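Structure, as structure tokens:
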Amino acid sequence: MDKMWAGRFSKALDKEADDFNSSLHFDCKMFRQDICGSIAHAQMLAKQGIITTADCEEIIDGLTGILEDIENGRLTFDSDAEDIHMFIESELTARKGDVGKRLHTARSRNDQVAVDIRLYLRDEAEKVNDLLYSLIEVIRDKAAENQDAILPGYTHLQRAQPITFAHHLLAYAQMFMRDASRLQDAVKRMNYSPLGSCALSGTTYDTDREYEAEKLGFYGIMQNSIDGVSDRDFCVELMSAFSIIMMHLSRFSEEIILWSSWEFKFVELDDSYTTGSSIMPQKKNPDMAELVRGKTGRVYGDLFALLTSLKGLPLAYNKDMQEDKEAIFDSIETVQKCLSIFAPMLATMTVLKENMYSAAQKGFINATDLADYLVKKGMPFRTAYKIVGQTVAECIEKNKVLETLTLDEYKAHSDLFSEDLFNEISLETCISKRISAGSTGYKSVEKQIEFVTEFINGKKESIY
Ligand code: ARG
């Protein structure tokens, strides 16, 4: 079949060059958005008297038929059309003759594709947003069940201070809440219509861009036609938001992988989210968490691929920009899949509270609390810090822990030590005495759970 633009050429495009040029096999994903955009465009052309109402009705009838046929599988993308825009236009013309040829008045594929991607990403970003909210809910529920589970909090992967598992989980809830708000922000900025920018400079027809923008659910129109067709910053911004989501998921995955090792044994993943080994019968591997961690690199890669493709492009449209789609599609699908697998994996994970507790009992994680005990009895913090350091050294030498050192042994370090110190350094006291806002203290954690719940209920949309 001749290309739409064949008039200017005396020779057909080389077959391999044709395949190289074609984007239909991936941009066919946007068929719905392409058809919606075309319907709005036809309606605008008719309203402005650029085409007749009868032609507009025929065009809409043709496009609706094409949409139904694609959805029912009667029409496939088995075609040599260059891209989804050409595919639908030529199908329309095949069905409606000359009327179909009027659709592309006052439009270019450059603004057409810019509209299609925005519409497509708006829908897909909403799915990501929903998935984030579901994950936040799972985290909230898990946290609510684990307010009494005490484990060591780590810095440098060294046992540092006691925390509750709920508090640890809620840190991730906050991250994913910011991720959702970041995503919503990017979508808001993206939601302006480039339609009517045409090839780059606008058009000589008296179009009504606001009308079609409104029909397509945009907040308004893009104010500069060159910008409208030549930037893909919204793709970059979304992919940055996806990369940050993946970075959070990856850190969480890493912890789940560590926690489910024999060395930690803090959690056990459900059989339905783990795999066995082909040779080692005892193995239960956290493959899903590992894959999420692994796929993070891929999403970062997609972001960098597009940033690099865009960095040297003169205004306005360049064919390099066709590379935006595979990168953004891959990135959005990957983040959607990772979120959909991660949430149920977490929901079905068993928390081994006793193991967490016994890990918290070793490693002197209450040493800060012991120093604070001396401070509250009047000693300057730095002195208390030093004395507790010496006490810990004695414990290590005698193979004891702070709980098993005798009062006499304590008194050798400072007169301020008395019997009540043992209650003061119990793990439960360490937690309940954390009274600062946002801390691991039981009350603070309860407040955090409420805060997350309010976010889930949509009451705190713009908290950050
Ligand atoms: N398939 C092209 C893309 O994805 C559509 C725009 C083509 N425009 C052009 N002038 N060749 O970018």
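Going by the structure tokens order, chains are called A, B, ..., each with residues numbered from 1, while ligands are numbered from 1 in the order shown.
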
Could you list, as a PyMOL selection string, every residue within 10 Å of Gly276 in chain A, counting only C-alpha atoms and ignoring same-chain residues fewer than 6 positions away? chain A and resi 282-287

Which parts of range 133-365 of chain A does DSSP call helix (DSSP H, G or I) when run on the backbone here, written out as a ChimeraX atom specification? /A:133-145,165-190,209-215,225-230,233-259,271-273,287-310,319-347,353-361

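Residues of protein, DNA or RNA having any atom at most 6 Å from ligand 1, counting only C-alpha atoms and all ligand atoms, are Ser23, Asp83, Arg109, Asn110, Val113, Lys319, Met321 and Gln322 of chain A.
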
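Non-sequential neighbours of Thr404 in chain A (distance at most 12 Å, separation of 4 or more positions within a chain, only C-alpha atoms) are Gln361, Lys362, Phe364, Thr391, Val392, Glu394, Cys395, Ile396, Lys398, Asn399, Lys400, Asp408, Glu409, Tyr410, Leu421, Phe422, Ile425 and Ser426 of chain A.
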
Given the choices A:Met190, A:Leu45, A:Ile341, A:Val99, which gets closest to Leu121 in chain A if the distance is worked out from only C-alpha atoms?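 Closest candidate: A:Met190.
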
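Within the 12 Å cut-off around Gly389 in chain A, using only C-alpha atoms and omitting residues fewer than 4 positions from it on the same chain, the listed residues are Phe364, Asn366, Ala367, Thr368, Leu370, Ala371, Arg382, Thr383, Ala384, Tyr385, Ala393, Glu394, Cys395, Ile396, Leu402 and His413 of chain A.
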
I need the chosen residues saved as an mmCIF file, in the first residue's frame, with N, CA and C atoms.
```
data_model
loop_
_atom_site.group_PDB
_atom_site.id
_atom_site.type_symbol
_atom_site.label_atom_id
_atom_site.label_comp_id
_atom_site.auth_asym_id
_atom_site.auth_seq_id
_atom_site.Cartn_x
_atom_site.Cartn_y
_atom_site.Cartn_z
ATOM 1 N N PHE A 364 22.953 -4.769 73.103
ATOM 2 C CA PHE A 364 23.048 -3.504 73.853
ATOM 3 C C PHE A 364 22.255 -2.357 73.231
ATOM 4 N N ASN A 366 19.728 -1.040 74.253
ATOM 5 C CA ASN A 366 19.164 -0.129 75.252
ATOM 6 C C ASN A 366 20.236 0.738 75.910
ATOM 7 N N ALA A 367 21.431 0.759 75.321
ATOM 8 C CA ALA A 367 22.526 1.529 75.928
ATOM 9 C C ALA A 367 22.216 3.027 75.966
ATOM 10 N N THR A 368 21.565 3.541 74.917
ATOM 11 C CA THR A 368 21.213 4.975 74.920
ATOM 12 C C THR A 368 20.265 5.271 76.078
ATOM 13 N N LEU A 370 20.089 3.689 78.865
ATOM 14 C CA LEU A 370 20.835 3.640 80.124
ATOM 15 C C LEU A 370 21.559 4.976 80.348
ATOM 16 N N ALA A 371 22.108 5.526 79.293
ATOM 17 C CA ALA A 371 22.774 6.837 79.395
ATOM 18 C C ALA A 371 21.740 7.896 79.784
ATOM 19 N N ARG A 382 27.389 13.659 78.006
ATOM 20 C CA ARG A 382 28.669 13.116 77.519
ATOM 21 C C ARG A 382 29.339 12.205 78.542
ATOM 22 N N THR A 383 29.201 12.583 79.848
ATOM 23 C CA THR A 383 29.776 11.745 80.911
ATOM 24 C C THR A 383 29.017 10.418 80.980
ATOM 25 N N ALA A 384 27.701 10.530 80.932
ATOM 26 C CA ALA A 384 26.863 9.321 80.985
ATOM 27 C C ALA A 384 27.196 8.404 79.813
ATOM 28 N N TYR A 385 27.366 8.991 78.654
ATOM 29 C CA TYR A 385 27.686 8.251 77.425
ATOM 30 C C TYR A 385 28.977 7.448 77.630
ATOM 31 N N ALA A 393 31.569 -2.311 77.713
ATOM 32 C CA ALA A 393 32.853 -3.008 77.513
ATOM 33 C C ALA A 393 33.005 -4.109 78.572
ATOM 34 N N GLU A 394 32.579 -3.805 79.791
ATOM 35 C CA GLU A 394 32.679 -4.820 80.858
ATOM 36 C C GLU A 394 31.776 -6.023 80.542
ATOM 37 N N CYS A 395 30.557 -5.704 80.073
ATOM 38 C CA CYS A 395 29.619 -6.783 79.698
ATOM 39 C C CYS A 395 30.253 -7.686 78.647
ATOM 40 N N ILE A 396 30.827 -7.071 77.634
ATOM 41 C CA ILE A 396 31.409 -7.856 76.538
ATOM 42 C C ILE A 396 32.528 -8.747 77.077
ATOM 43 N N LEU A 402 23.402 -5.954 79.370
ATOM 44 C CA LEU A 402 23.086 -4.922 80.372
ATOM 45 C C LEU A 402 22.074 -5.418 81.394
ATOM 46 N N HIS A 413 30.688 1.583 88.412
ATOM 47 C CA HIS A 413 30.840 2.605 87.352
ATOM 48 C C HIS A 413 30.283 3.956 87.765
#
```

Do a neighbour search on Ser250 in chain A at 10 Å with only C-alpha atoms, toss out local chain neighbours closer than 4 positions, and write the hits as an mmCIF file with N, CA and C atoms, in the first residue's frame.
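Listed below is the output, around20.cif:
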```cif
data_model
loop_
_atom_site.group_PDB
_atom_site.id
_atom_site.type_symbol
_atom_site.label_atom_id
_atom_site.label_comp_id
_atom_site.auth_asym_id
_atom_site.auth_seq_id
_atom_site.Cartn_x
_atom_site.Cartn_y
_atom_site.Cartn_z
ATOM 1 N N ILE A 244 11.412 6.666 41.712
ATOM 2 C CA ILE A 244 11.441 6.853 43.173
ATOM 3 C C ILE A 244 10.577 5.782 43.855
ATOM 4 N N ILE A 245 9.428 5.490 43.247
ATOM 5 C CA ILE A 245 8.586 4.401 43.792
ATOM 6 C C ILE A 245 9.399 3.106 43.825
ATOM 7 N N MET A 246 10.087 2.831 42.717
ATOM 8 C CA MET A 246 10.858 1.587 42.627
ATOM 9 C C MET A 246 12.003 1.584 43.642
ATOM 10 N N GLU A 254 14.669 -5.409 49.799
ATOM 11 C CA GLU A 254 15.964 -5.806 50.363
ATOM 12 C C GLU A 254 15.796 -6.201 51.833
ATOM 13 N N GLU A 255 14.991 -5.446 52.562
ATOM 14 C CA GLU A 255 14.802 -5.770 53.974
ATOM 15 C C GLU A 255 14.046 -7.082 54.129
ATOM 16 N N ILE A 256 13.038 -7.273 53.282
ATOM 17 C CA ILE A 256 12.260 -8.520 53.371
ATOM 18 C C ILE A 256 13.167 -9.714 53.059
ATOM 19 N N ALA A 289 10.461 -10.590 45.837
ATOM 20 C CA ALA A 289 11.141 -9.400 46.379
ATOM 21 C C ALA A 289 12.435 -9.142 45.602
ATOM 22 N N GLU A 290 13.122 -10.217 45.238
ATOM 23 C CA GLU A 290 14.364 -10.036 44.477
ATOM 24 C C GLU A 290 14.083 -9.454 43.091
ATOM 25 N N LEU A 291 12.995 -9.916 42.490
ATOM 26 C CA LEU A 291 12.660 -9.392 41.153
ATOM 27 C C LEU A 291 12.289 -7.914 41.213
ATOM 28 N N VAL A 292 11.548 -7.553 42.259
ATOM 29 C CA VAL A 292 11.193 -6.136 42.403
ATOM 30 C C VAL A 292 12.479 -5.318 42.534
ATOM 31 N N ARG A 293 13.396 -5.814 43.367
ATOM 32 C CA ARG A 293 14.673 -5.114 43.541
ATOM 33 C C ARG A 293 15.426 -5.045 42.197
ATOM 34 N N GLY A 294 15.404 -6.135 41.470
ATOM 35 C CA GLY A 294 16.105 -6.185 40.181
ATOM 36 C C GLY A 294 15.483 -5.272 39.139
ATOM 37 N N LYS A 295 14.165 -5.250 39.097
ATOM 38 C CA LYS A 295 13.476 -4.458 38.066
ATOM 39 C C LYS A 295 13.640 -2.952 38.300
ATOM 40 N N THR A 296 14.054 -2.597 39.500
ATOM 41 C CA THR A 296 14.306 -1.183 39.786
ATOM 42 C C THR A 296 15.357 -0.630 38.825
ATOM 43 N N GLY A 297 16.374 -1.421 38.562
ATOM 44 C CA GLY A 297 17.430 -1.001 37.637
ATOM 45 C C GLY A 297 16.859 -0.735 36.257
ATOM 46 N N CYS A 338 5.097 -4.551 39.685
ATOM 47 C CA CYS A 338 5.808 -4.666 40.968
ATOM 48 C C CYS A 338 4.882 -4.314 42.131
#
```

Give me, as an NGL selection string, all polymer residues having an atom no more than 10 Å from Pro194 in chain A, counting only C-alpha atoms and skipping those fewer than 5 positions away in the same chain. :A and (110-116 or 118 or 209 or 213 or 218 or 220-230)

Atoms kept (N, CA, C and O atoms) for selection, written as a compact mmCIF listing (two decimals), in the first residue's frame:
```txt
# COMPACT_ATOMS: atom_id res chain seq x y z
N ASN A 110 2.08 15.32 14.87
CA ASN A 110 2.91 15.79 15.99
C ASN A 110 2.07 16.19 17.20
O ASN A 110 2.41 15.86 18.34
N ASP A 111 0.98 16.90 16.96
CA ASP A 111 0.13 17.22 18.11
C ASP A 111 -0.74 16.02 18.48
O ASP A 111 -1.07 15.80 19.64
N GLN A 112 -1.06 15.21 17.46
CA GLN A 112 -1.87 14.02 17.71
C GLN A 112 -1.16 13.07 18.69
O GLN A 112 -1.74 12.63 19.68
N VAL A 113 0.11 12.79 18.41
CA VAL A 113 0.83 11.86 19.27
C VAL A 113 1.03 12.49 20.66
O VAL A 113 0.93 11.80 21.69
N ALA A 114 1.26 13.78 20.69
CA ALA A 114 1.47 14.44 21.99
C ALA A 114 0.20 14.36 22.86
O ALA A 114 0.29 14.20 24.08
N VAL A 115 -0.96 14.43 22.20
CA VAL A 115 -2.22 14.27 22.93
C VAL A 115 -2.39 12.83 23.39
O VAL A 115 -2.72 12.55 24.55
N ASP A 116 -2.16 11.90 22.45
CA ASP A 116 -2.40 10.49 22.76
C ASP A 116 -1.58 10.03 23.97
O ASP A 116 -2.10 9.36 24.85
N ARG A 118 -0.37 11.77 26.38
CA ARG A 118 -0.85 12.38 27.63
C ARG A 118 -2.12 11.67 28.11
O ARG A 118 -2.25 11.38 29.30
N ARG A 209 -9.32 25.49 20.38
CA ARG A 209 -8.51 24.51 21.11
C ARG A 209 -9.07 24.25 22.51
O ARG A 209 -8.99 23.13 23.01
N ALA A 213 -9.92 20.65 24.20
CA ALA A 213 -9.22 20.33 25.46
C ALA A 213 -10.23 19.92 26.53
O ALA A 213 -10.04 18.94 27.25
N PHE A 218 -8.89 17.78 29.70
CA PHE A 218 -7.70 18.52 30.10
C PHE A 218 -8.12 19.76 30.89
O PHE A 218 -9.23 20.26 30.73
N GLY A 220 -6.83 22.65 30.45
CA GLY A 220 -6.77 23.78 29.53
C GLY A 220 -5.84 23.44 28.39
O GLY A 220 -5.49 22.27 28.20
N ILE A 221 -5.42 24.47 27.65
CA ILE A 221 -4.55 24.19 26.50
C ILE A 221 -3.10 24.57 26.82
O ILE A 221 -2.83 25.41 27.67
N MET A 222 -2.18 23.95 26.11
CA MET A 222 -0.77 24.36 26.20
C MET A 222 -0.65 25.67 25.43
O MET A 222 -1.22 25.82 24.34
N GLN A 223 0.08 26.61 26.00
CA GLN A 223 0.05 27.98 25.49
C GLN A 223 0.99 28.26 24.33
O GLN A 223 0.88 29.29 23.68
N ASN A 224 1.90 27.33 24.06
CA ASN A 224 2.86 27.56 22.98
C ASN A 224 2.89 26.32 22.10
O ASN A 224 3.15 25.21 22.57
N SER A 225 2.60 26.53 20.79
CA SER A 225 2.44 25.37 19.91
C SER A 225 3.76 24.61 19.73
O SER A 225 3.75 23.38 19.56
N ILE A 226 4.89 25.30 19.78
CA ILE A 226 6.18 24.60 19.62
C ILE A 226 6.42 23.72 20.84
O ILE A 226 6.77 22.55 20.73
N ASP A 227 6.18 24.28 22.01
CA ASP A 227 6.30 23.51 23.25
C ASP A 227 5.34 22.32 23.22
O ASP A 227 5.70 21.19 23.60
N GLY A 228 4.13 22.59 22.72
CA GLY A 228 3.09 21.55 22.69
C GLY A 228 3.54 20.28 21.98
O GLY A 228 3.22 19.17 22.41
N VAL A 229 4.30 20.42 20.91
CA VAL A 229 4.69 19.24 20.14
C VAL A 229 6.10 18.76 20.42
O VAL A 229 6.49 17.69 19.96
N SER A 230 6.88 19.55 21.16
CA SER A 230 8.30 19.16 21.21
C SER A 230 8.83 18.75 22.56
O SER A 230 9.96 18.28 22.64
```

If DSSP is run on the backbone, what residues of range 216-416 of chain A are strand (DSSP E)? A reply as a PyMOL selection string would be ideal. chain A and resi 220-221+267-268+350-351

Close residues, Ala180 in chain A itself excluded, 8 Å, only C-alpha atoms, min 4 positions apart in chain, as a list in words: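 Final neighbour list, sorted by chain and number: Asn129, Leu132, Tyr133, Phe176 and Gln184 of chain A.
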
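Comparing the minimum interatomic distances between Leu315 in chain A and each of A:Val267, A:Val299, A:Ile257, A:Leu200, counting only C-alpha atoms, we find that A:Leu200 sits nearest.
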
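For the pair CA of Ile35 in chain A and CA of Ala54 in chain A, the separation is 18.4 Å.
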
With distances taken over only C-alpha atoms, which of A:Lys376, A:Lys29, A:Arg232, A:His156 is nearest to Glu333 in chain A? A:Lys29

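Atom to atom, CA of Ser331 in chain A and CA of Phe242 in chain A stand 7.2 Å apart.
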
With distances taken over only C-alpha atoms, which residue among A:Phe451, A:Ala6, A:Val128, A:Glu354 lies nearest Ile332 in chain A?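 Smallest distance to Ile332 in chain A is found for A:Val128.
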